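Dropping entry.txt in here (compact mmCIF, C-alpha atoms):
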```txt
# COMPACT_ATOMS: atom_id res chain seq x y z
CA GLU C 1 124.65 56.74 -133.18
CA LEU C 2 126.91 59.26 -134.90
CA ARG C 3 127.29 56.97 -137.91
CA ASP C 4 123.52 56.59 -138.08
CA LEU C 5 123.10 60.37 -138.14
CA GLN C 6 125.72 60.72 -140.85
CA GLN C 7 123.86 58.19 -142.99
CA ILE C 8 120.50 59.85 -142.43
CA LEU C 9 121.70 63.42 -142.98
CA PRO C 10 124.61 63.22 -145.42
CA ASN C 11 123.60 66.03 -147.80
CA ASN C 12 121.13 68.04 -145.75
CA SER C 13 122.55 71.55 -145.61
CA ALA C 14 119.78 72.65 -143.23
CA VAL C 15 121.23 70.47 -140.49
CA GLN C 16 124.66 71.11 -139.05
CA MET C 17 126.27 68.25 -137.15
CA VAL C 18 129.12 69.08 -134.76
CA ARG C 19 131.25 66.46 -133.04
CA ALA C 20 132.81 67.94 -129.89
CA LYS C 21 133.40 67.20 -126.25
CA VAL C 22 130.83 69.05 -124.16
CA THR C 23 131.70 70.39 -120.71
CA PRO C 24 130.16 72.96 -118.35
CA LYS C 25 132.90 75.39 -119.42
CA ASN C 26 132.47 75.13 -123.19
CA ILE C 27 128.74 74.50 -123.74
CA VAL C 28 127.88 78.20 -124.11
CA GLN C 29 130.76 78.87 -126.52
CA LEU C 30 129.82 75.83 -128.59
CA LEU C 31 126.28 77.11 -128.98
CA LYS C 32 127.45 80.65 -129.72
CA SER C 33 129.62 79.28 -132.51
CA HIS C 34 126.72 77.51 -134.20
CA LEU C 35 123.54 79.17 -132.96
CA PRO C 36 122.78 82.91 -132.95
CA ARG C 37 122.09 84.31 -129.48
CA GLU C 38 118.85 85.88 -130.70
CA ASN C 39 117.54 82.43 -131.71
CA GLN C 40 115.76 81.18 -128.61
CA SER C 41 113.13 79.10 -130.42
CA PHE C 42 114.78 75.72 -130.33
CA VAL C 43 114.52 72.42 -128.49
CA PHE C 44 117.50 71.33 -126.42
CA LYS C 45 118.03 67.64 -125.68
CA ILE C 46 120.77 66.43 -123.34
CA ASP C 47 121.75 62.85 -122.59
CA ILE C 48 125.49 62.58 -121.98
CA ASP C 49 125.48 60.11 -119.05
CA GLY C 50 127.77 62.44 -117.17
CA CYS C 51 127.62 65.98 -115.83
CA ASP C 52 124.24 66.72 -117.42
CA CYS C 53 123.09 69.14 -114.70
CA GLU C 54 126.38 71.04 -114.69
CA VAL C 55 126.11 71.51 -118.46
CA LEU C 56 122.48 72.64 -118.25
CA GLY C 57 123.23 75.33 -115.65
CA PRO C 58 125.38 77.71 -117.74
CA LEU C 59 123.34 76.99 -120.87
CA LEU C 60 120.13 78.20 -119.20
CA GLU C 61 121.87 81.38 -118.08
CA HIS C 62 122.55 82.34 -121.74
CA TYR C 63 119.80 80.60 -123.74
CA GLN C 64 116.14 79.89 -123.13
CA PRO C 65 115.07 76.96 -125.33
CA ILE C 66 111.32 76.61 -125.72
CA VAL C 67 111.64 72.97 -124.63
CA VAL C 68 114.37 71.17 -122.67
CA ILE C 69 114.50 67.36 -122.72
CA ALA C 70 116.94 65.99 -120.19
CA GLU C 71 117.69 62.46 -119.07
CA PHE C 72 117.47 61.80 -115.33
CA ASN C 73 118.97 58.92 -113.40
CA PRO C 74 116.11 56.81 -111.97
CA ASP C 75 118.53 55.04 -109.62
CA TYR C 76 118.19 58.03 -107.26
CA PRO C 77 114.52 58.74 -106.51
CA PRO C 78 113.20 61.99 -105.02
CA PRO C 79 114.06 63.55 -102.64
CA LEU C 80 117.68 62.52 -103.35
CA VAL C 81 119.66 65.31 -105.00
CA TYR C 82 122.41 63.55 -106.91
CA ALA C 83 124.45 65.14 -109.69
CA TYR C 84 127.58 63.73 -111.31
CA SER C 85 130.32 66.34 -111.14
CA HIS C 86 132.60 67.25 -114.04
CA LYS C 87 136.20 66.56 -113.10
CA GLY C 88 138.02 67.55 -116.25
CA ASN C 89 140.04 64.52 -117.31
CA PRO C 90 140.52 62.41 -114.18
CA GLN C 91 142.48 59.17 -114.11
CA LYS C 92 140.12 56.22 -114.11
CA THR C 93 140.44 53.77 -111.24
CA PRO C 94 140.82 50.01 -111.92
CA ARG C 95 137.21 49.53 -110.81
CA GLN C 96 136.00 52.18 -113.25
CA LEU C 97 137.99 50.57 -116.07
CA ARG C 98 136.43 47.16 -115.32
CA HIS C 99 132.98 48.72 -115.23
CA GLN C 100 133.60 50.47 -118.56
CA ALA C 101 134.75 47.22 -120.16
CA THR C 102 131.67 45.37 -118.86
CA TYR C 103 129.39 48.20 -120.01
CA THR C 104 130.87 48.16 -123.53
CA THR C 105 130.68 44.36 -123.77
CA ASN C 106 127.04 44.30 -122.69
CA GLN C 107 126.14 47.07 -125.11
CA VAL C 108 127.62 45.05 -127.97
CA LYS C 109 125.52 42.09 -126.87
CA GLY C 110 122.41 44.27 -126.75
CA ILE C 111 122.04 43.91 -122.98
CA GLU C 112 120.52 46.86 -121.13
CA VAL C 113 122.99 48.27 -118.62
CA LYS C 114 122.08 50.18 -115.48
CA ALA C 115 125.21 52.22 -114.96
CA GLY C 116 124.46 53.49 -111.43
CA MET C 117 126.35 56.72 -110.78
CA TYR C 118 125.82 58.92 -113.84
CA GLY C 119 123.86 62.00 -114.82
CA CYS C 120 121.59 63.55 -112.23
CA SER C 121 118.55 62.58 -110.22
CA LEU C 122 115.09 63.93 -110.94
CA SER C 123 115.29 66.21 -107.89
CA ALA C 124 118.68 67.57 -108.96
CA LEU C 125 117.36 68.16 -112.47
CA CYS C 126 114.29 70.04 -111.24
CA LYS C 127 116.49 72.20 -108.98
CA THR C 128 118.94 72.96 -111.80
CA MET C 129 116.17 73.92 -114.22
CA HIS C 130 114.54 76.17 -111.64
CA ASP C 131 117.60 77.89 -110.18
CA HIS C 132 119.46 78.63 -113.43
CA SER C 133 116.41 79.83 -115.36
CA LEU C 134 115.00 81.91 -112.47
CA GLY C 135 111.90 79.73 -112.45
CA HIS C 136 110.93 80.09 -116.10
CA TYR C 137 110.52 76.37 -116.83
CA GLN C 138 107.77 73.97 -115.89
CA LEU C 139 107.95 70.18 -115.83
CA LEU C 140 105.56 68.95 -118.52
CA LEU C 141 106.01 65.18 -118.45
CA LEU C 142 108.26 62.23 -117.64
CA ASP C 143 108.96 59.85 -120.50
CA VAL C 144 110.23 56.44 -119.41
CA SER C 145 108.84 54.50 -122.36
CA GLY C 146 112.15 54.17 -124.25
CA ALA C 147 115.70 53.23 -123.43
CA SER C 148 116.30 56.46 -121.53
CA GLN C 149 114.36 58.23 -118.81
CA ASP C 150 113.62 61.80 -119.84
CA ALA C 151 112.06 64.81 -118.15
CA VAL C 152 110.49 67.35 -120.50
CA PHE C 153 110.43 71.00 -119.43
CA GLY C 154 108.63 73.83 -121.21
CA ARG C 155 109.50 77.53 -121.06
CA VAL C 156 106.86 79.70 -119.38
CA ARG C 157 106.41 83.44 -119.19
CA ASP C 158 105.61 83.73 -115.48
CA THR C 159 108.03 82.64 -112.79
CA GLN C 160 107.23 79.21 -111.37
CA PRO C 161 108.11 77.87 -107.91
CA LEU C 162 110.35 74.84 -107.58
CA LEU C 163 108.28 71.68 -108.03
CA PRO C 164 107.53 70.50 -104.47
CA VAL C 165 109.45 67.42 -103.36
CA ARG C 166 106.23 65.59 -102.53
CA ARG C 167 105.01 66.19 -106.08
CA GLN C 168 108.33 64.89 -107.44
CA MET C 169 107.92 61.78 -105.30
CA ASP C 170 104.34 61.24 -106.51
CA LEU C 171 105.40 61.51 -110.16
CA TYR C 172 108.29 59.12 -109.60
CA HIS C 173 106.09 56.63 -107.78
CA HIS C 174 103.29 56.60 -110.37
CA ILE C 175 105.28 57.00 -113.60
CA VAL C 176 108.85 55.78 -113.09
CA LEU C 177 108.52 52.92 -110.62
CA PRO C 178 106.05 50.83 -112.64
CA VAL C 179 108.63 50.74 -115.45
CA TRP C 180 111.91 50.88 -113.56
CA GLY C 181 110.96 48.66 -110.64
CA GLU C 182 111.58 49.13 -106.93
CA GLY C 183 115.12 47.78 -107.05
CA VAL C 184 116.58 51.26 -107.22
CA ARG C 185 120.32 51.63 -106.71
CA LEU C 186 121.91 53.57 -103.90
CA THR C 187 125.71 53.97 -104.21
CA GLY C 188 125.93 51.11 -106.66
CA ALA C 189 124.01 48.53 -104.61
CA LEU C 190 120.34 47.67 -104.82
CA ALA C 191 118.45 49.28 -101.97
CA PRO C 192 116.18 46.98 -99.91
CA LYS C 193 112.52 47.70 -100.44
CA ASN C 194 112.03 48.66 -96.79
CA THR C 195 114.78 51.30 -97.10
CA PHE C 196 113.13 52.67 -100.22
CA ALA C 197 109.74 52.73 -98.50
CA ARG C 198 111.15 54.62 -95.50
CA LEU C 199 112.81 57.09 -97.82
CA GLN C 200 109.55 57.76 -99.63
CA ASN C 201 107.48 58.01 -96.45
CA ASP C 202 109.81 60.15 -94.35
CA PRO C 203 112.66 61.56 -96.48
CA GLU C 204 113.77 64.18 -93.97
CA GLN C 205 114.36 61.62 -91.22
CA VAL C 206 116.21 59.17 -93.48
CA LEU C 207 118.46 61.83 -94.96
CA ALA C 208 119.23 63.16 -91.48
CA ARG C 209 120.68 59.81 -90.40
CA GLY C 210 124.10 60.48 -91.83
CA SER C 211 123.65 59.47 -95.47
CA ARG C 212 125.87 62.30 -96.64
CA PHE C 213 126.59 60.77 -100.02
CA LEU C 214 122.91 61.26 -100.91
CA ALA C 215 123.14 65.03 -100.46
CA GLU C 216 124.06 67.43 -103.21
CA LYS C 217 127.85 67.62 -103.59
CA LYS C 218 129.63 70.75 -104.69
```
With the file now loaded, output its structure as structure tokens.
Amino acid sequence: ELRDLQQILPNNSAVQMVRAKVTPKNIVQLLKSHLPRENQSFVFKIDIDGCDCEVLGPLLEHYQPIVVIAEFNPDYPPPLVYAYSHKGNPQKTPRQLRHQATYTTNQVKGIEVKAGMYGCSLSALCKTMHDHSLGHYQLLLLDVSGASQDAVFGRVRDTQPLLPVRRQMDLYHHIVLPVWGEGVRLTGALAPKNTFARLQNDPEQVLARGSRFLAEKK
């Protein structure tokens, strides 16, 4: 993708392309180095298949883009609050190395890969956008038509309440499921349809039955 951008924008001085590792600790400094603080009229798109929510948090505390487009992980439907945590530079386990090799091989072959534990769930994304912007963003739409699954948020003047969980579930059911299918993943394994149905019908009871890995982790 970087090579494609370089070919498309080789001599365009109006566009500045920066290649850098993005983390929750450096995202604000990166933007400060290339974007004036007073410039709040921009669109921010994030799709790093990692600690997306943790990067969005500090960004929203310093900048207020007019539109935020963020990928969410459809493997974890509402009301599950899942967010991949930034761990610096951890040592990969043998299982992670095998998964990475398989992922790379399938990408080369043009095979779509469902990576499982990456990014953040729709519920985690909605919570991050609300809490770190003090409620000044509203969910506009979910776009699942392409290779990624994106939530589009627009900046609003008046403070908005957190999107109710039931509304999140309705949106997921009517927009995401018809495209993504009911074989959603839970901890790397496909969840049986009856488990998914129970989760959608009575989330509080299911989450209270000891599924701690589904809760938000700090």
Sorted by chain and rising residue number, list the residues of region 20-40 of chain C at most 12 Å from region 74-90 of chain C (counting all atoms listed in the file), each with its closest atom pair and distance in Å to one decimal, as JSON lines.
```
{"residue": "C:Lys21", "atom": "CA", "partner": "C:Gly88", "partner_atom": "CA", "distance": 11.0}
{"residue": "C:Val22", "atom": "CA", "partner": "C:His86", "partner_atom": "CA", "distance": 10.4}
{"residue": "C:Thr23", "atom": "CA", "partner": "C:His86", "partner_atom": "CA", "distance": 7.4}
{"residue": "C:Pro24", "atom": "CA", "partner": "C:His86", "partner_atom": "CA", "distance": 7.6}
{"residue": "C:Lys25", "atom": "CA", "partner": "C:His86", "partner_atom": "CA", "distance": 9.8}
{"residue": "C:Asn26", "atom": "CA", "partner": "C:Gly88", "partner_atom": "CA", "distance": 11.7}
```
task = Select, from C:Val15, C:Leu134, C:Cys53, C:Ile27, the residue with the minimum atom-to-atom distance to Gln160 (chain C), counting all atoms listed in the file.
result =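 Among C:Val15, C:Leu134, C:Cys53, C:Ile27, it is C:Leu134 that comes nearest to Gln160 (chain C).
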message: Please report the interatomic distance between CA of Cys51 (chain C) and CA of Asp131 (chain C) in Å with one decimal.
response: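 Computing the Euclidean distance for CA of Cys51 (chain C) and CA of Asp131 (chain C) yields 16.6 Å.
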Item checked: Spatial neighbours of region 137-154 of chain C, 6 Å, only C-alpha atoms, chain gap at least 6 places, as a list in words ->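 Surrounding residues, per the criterion: Ile66, Val67, Val68, Ile69, Ala70, Glu71 and Phe72 of chain C.
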Q. Could you state the separation of CA of Pro58 (chain C) and CA of Val28 (chain C) in Å, given to one decimal place?
A.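 That distance, rounded to one decimal, is 6.9 Å.
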Taken to one decimal, the CA of Cys126 (chain C)-CA of Gln168 (chain C) distance is 8.7 Å
Quick one: of C:Arg167, C:His174, C:His132, C:Lys45, who's nearest to Gly57 (chain C), counting all atoms listed in the file?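 So, comparing all the options, the nearest one is C:His132.
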Using all atoms listed in the file, the best pick from C:Arg155, C:Val165, C:Leu35, C:His136 as closest to Leu122 (chain C) would be C:Val165
